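Below: one structure, written as structure tokens.
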Amino acid sequence: MLQITRSFLTGCSLITLVSVTGCKKESVSPEAAATTTTLLLGRWELTKSSGGIAGGTYPADSARKQEIIFTTNGQTQSLLNGVVTNTASYSLIKAPSYATGKTERFLFVNQGSNNISSQLIEQVSATDLVLADDYADGMARHYTKR
């Protein structure tokens, strides 16, 4: 009986250790962060949204021109029709994704006062950026560099 209890406790301890360490957020490697940060820098205009429960694709509203600017000093600005509506700091992290089940790159935005958000970086290139909600029926926002 004592042997079974020790085996059980050892097994539970190992499972707990793996669970705790497996959920840890990590910084993106310096090389990957430099590449992603370099690609992010600049002004991005929302061109369409896709996904959600219905799974559709929706063009951006031309009367509400939405843009994001990423600066070299780790700041991001949100613009609506050319007017800055929000400024916040940003960083890149790697963390497990609920949507994909793999470790992915995330854009982590800290607006202060416990207002923190993260978006899955589905794609980033010299011309295209796709940021998505990290859940199965989440929306993805598609941007083009301006």
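Chain labels run A, B, ... following the order of the structure tokens; each chain numbers its residues from 1, and ligands are numbered from 1 in the order shown.
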
- Message: Env of range 98-100 of chain A: 6 Å cut, atoms = only C-alpha atoms, seq-sep filter 2 positions within chain, self excluded. Answer as a PyMOL selection string.
- Response: chain A and resi 102+134-136

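Near range 42-49 of chain A, within 9 Å and counting only C-alpha atoms, sit Thr38, Gly56, Thr57, Tyr58, Pro59, Ala60, Asp61, Lys65, Gln66, Glu67, Ile68, Ile69, Phe70, Thr71, Thr72, Thr127, Asp128, Leu129, Met139, Ala140, Arg141, His142, Tyr143, Thr144, Lys145 and Arg146 of chain A; same-chain residues fewer than 4 positions away were not included.
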
- Report as number ranges by chain: the residues of range 15-133 of chain A with a DSSP assignment of strand (DSSP E), based on the backbone of this structure. A: 26-27, 42-51, 56-59, 66-70, 75-80, 83-96, 103-110, 116-124, 128-132

As a PDB file with C-alpha atoms, in the first residue's frame, please: the residues near Tyr90 in chain A (cut-off 6 Å, only C-alpha atoms, same-chain neighbours under 2 positions excluded).
ATOM      1  CA  GLY A  74       8.488  49.916 -28.471  1.00  0.00           C
ATOM      2  CA  GLN A  75       5.358  52.050 -28.784  1.00  0.00           C
ATOM      3  CA  PHE A 108       1.612  41.825 -26.229  1.00  0.00           C
ATOM      4  CA  VAL A 109       0.240  45.379 -25.760  1.00  0.00           C
TER       5      VAL A 109
END
